[in-house]
Amino acid sequence: MHPDFAGDIRRALNAWDPIGVGDLVDDEYDCLVVPLLRRLHDGADASQIADFLHDELRDHFGLDPARYDLGAFAAGVVASWVDAHRAS
């Protein structure tokens with residue numbers, strides 16, 4: 001895994017902030033960081049990341065995933081991962 005990228009994912013999740021608490025707490029989405037890192041490390045594409053987030057939003061956070069642009073967020077995370085590894 002790319003240890004420096006964990007902070008990048010955390011910041012991205014906090015900026016995305018599907019629950020709307022990002023201004024109040026900065027660790028609400030930490031439960032997603034390691035699973036996302038594992039998936040990225042294992043070569044998950046944006047569709048697979050979006051599927052994971054869909055299930056997490058629905059099952060863990062109790063949100064309606066249809067209200068969020070999971071594809072765009074997932075594509076951004078994957079692109080950032082690729083860029084970080086290209087630079088290293």
# chains A, B, ... in the order shown; residues from 1 in each chain; ligands from 1

$ closest_atom_pairs --of "region 21-45 of chain A" --to "region 9-15 of chain A" --cutoff "10 Å" --atoms "only C-alpha atoms" --output "CSV"
residue,atom,partner,partner_atom,distance
A:Val21,CA,A:Asn14,CA,8.4
A:Gly22,CA,A:Asn14,CA,5.4
A:Asp23,CA,A:Asn14,CA,8.5
A:Val25,CA,A:Asn14,CA,8.8
A:Asp26,CA,A:Asn14,CA,6.6
A:Asp27,CA,A:Arg10,CA,8.0
A:Glu28,CA,A:Asn14,CA,7.9
A:Tyr29,CA,A:Leu13,CA,6.4
A:Asp30,CA,A:Arg10,CA,6.6
A:Cys31,CA,A:Arg10,CA,9.7
A:Leu32,CA,A:Arg10,CA,8.4
A:Val33,CA,A:Arg10,CA,6.3
A:Val34,CA,A:Ile9,CA,9.2
A:Leu36,CA,A:Ile9,CA,8.1
A:Leu37,CA,A:Ile9,CA,8.2

$ write_last_selection --atoms "C-alpha atoms" --output "CSV table (one decimal), in the first residue's frame"
chain,number,residue,atom,x,y,z
A,21,VAL,CA,-20.6,16.5,9.0
A,22,GLY,CA,-17.2,17.3,7.5
A,23,ASP,CA,-17.1,20.8,9.1
A,25,VAL,CA,-15.6,16.0,12.6
A,26,ASP,CA,-12.6,15.0,10.5
A,27,ASP,CA,-12.7,11.2,11.1
A,28,GLU,CA,-16.2,10.3,10.2
A,29,TYR,CA,-15.1,8.4,7.0
A,30,ASP,CA,-11.9,6.8,8.4
A,31,CYS,CA,-13.7,3.5,8.3
A,32,LEU,CA,-13.5,3.7,4.5
A,33,VAL,CA,-9.8,4.6,4.1
A,34,VAL,CA,-8.2,1.2,4.6
A,36,LEU,CA,-10.4,1.9,-0.3
A,37,LEU,CA,-6.6,1.6,-0.1

$ residues_around --residues "Gly62 (chain A)" --least-positions-apart "5" --cutoff "12 Å" --atoms "only C-alpha atoms" --output "PyMOL selection string"
chain A and resi 18-19+53-57

$ atom_distance --atom1 "CA of His41 (chain A)" --atom2 "CA of Asp83 (chain A)"
13.3 Å

$ atom_distance --atom1 "CA of Phe73 (chain A)" --atom2 "CA of Arg58 (chain A)"
16.0 Å

$ closest_residue --among "A:Phe52, A:Gly20, A:Ala79, A:Phe61" --to "Pro35 (chain A)" --atoms "only C-alpha atoms"
A:Phe52

$ closest_residue --among "A:Arg39, A:Pro65, A:Ala50, A:Ser80" --to "Phe5 (chain A)" --atoms "only C-alpha atoms"
A:Ser80
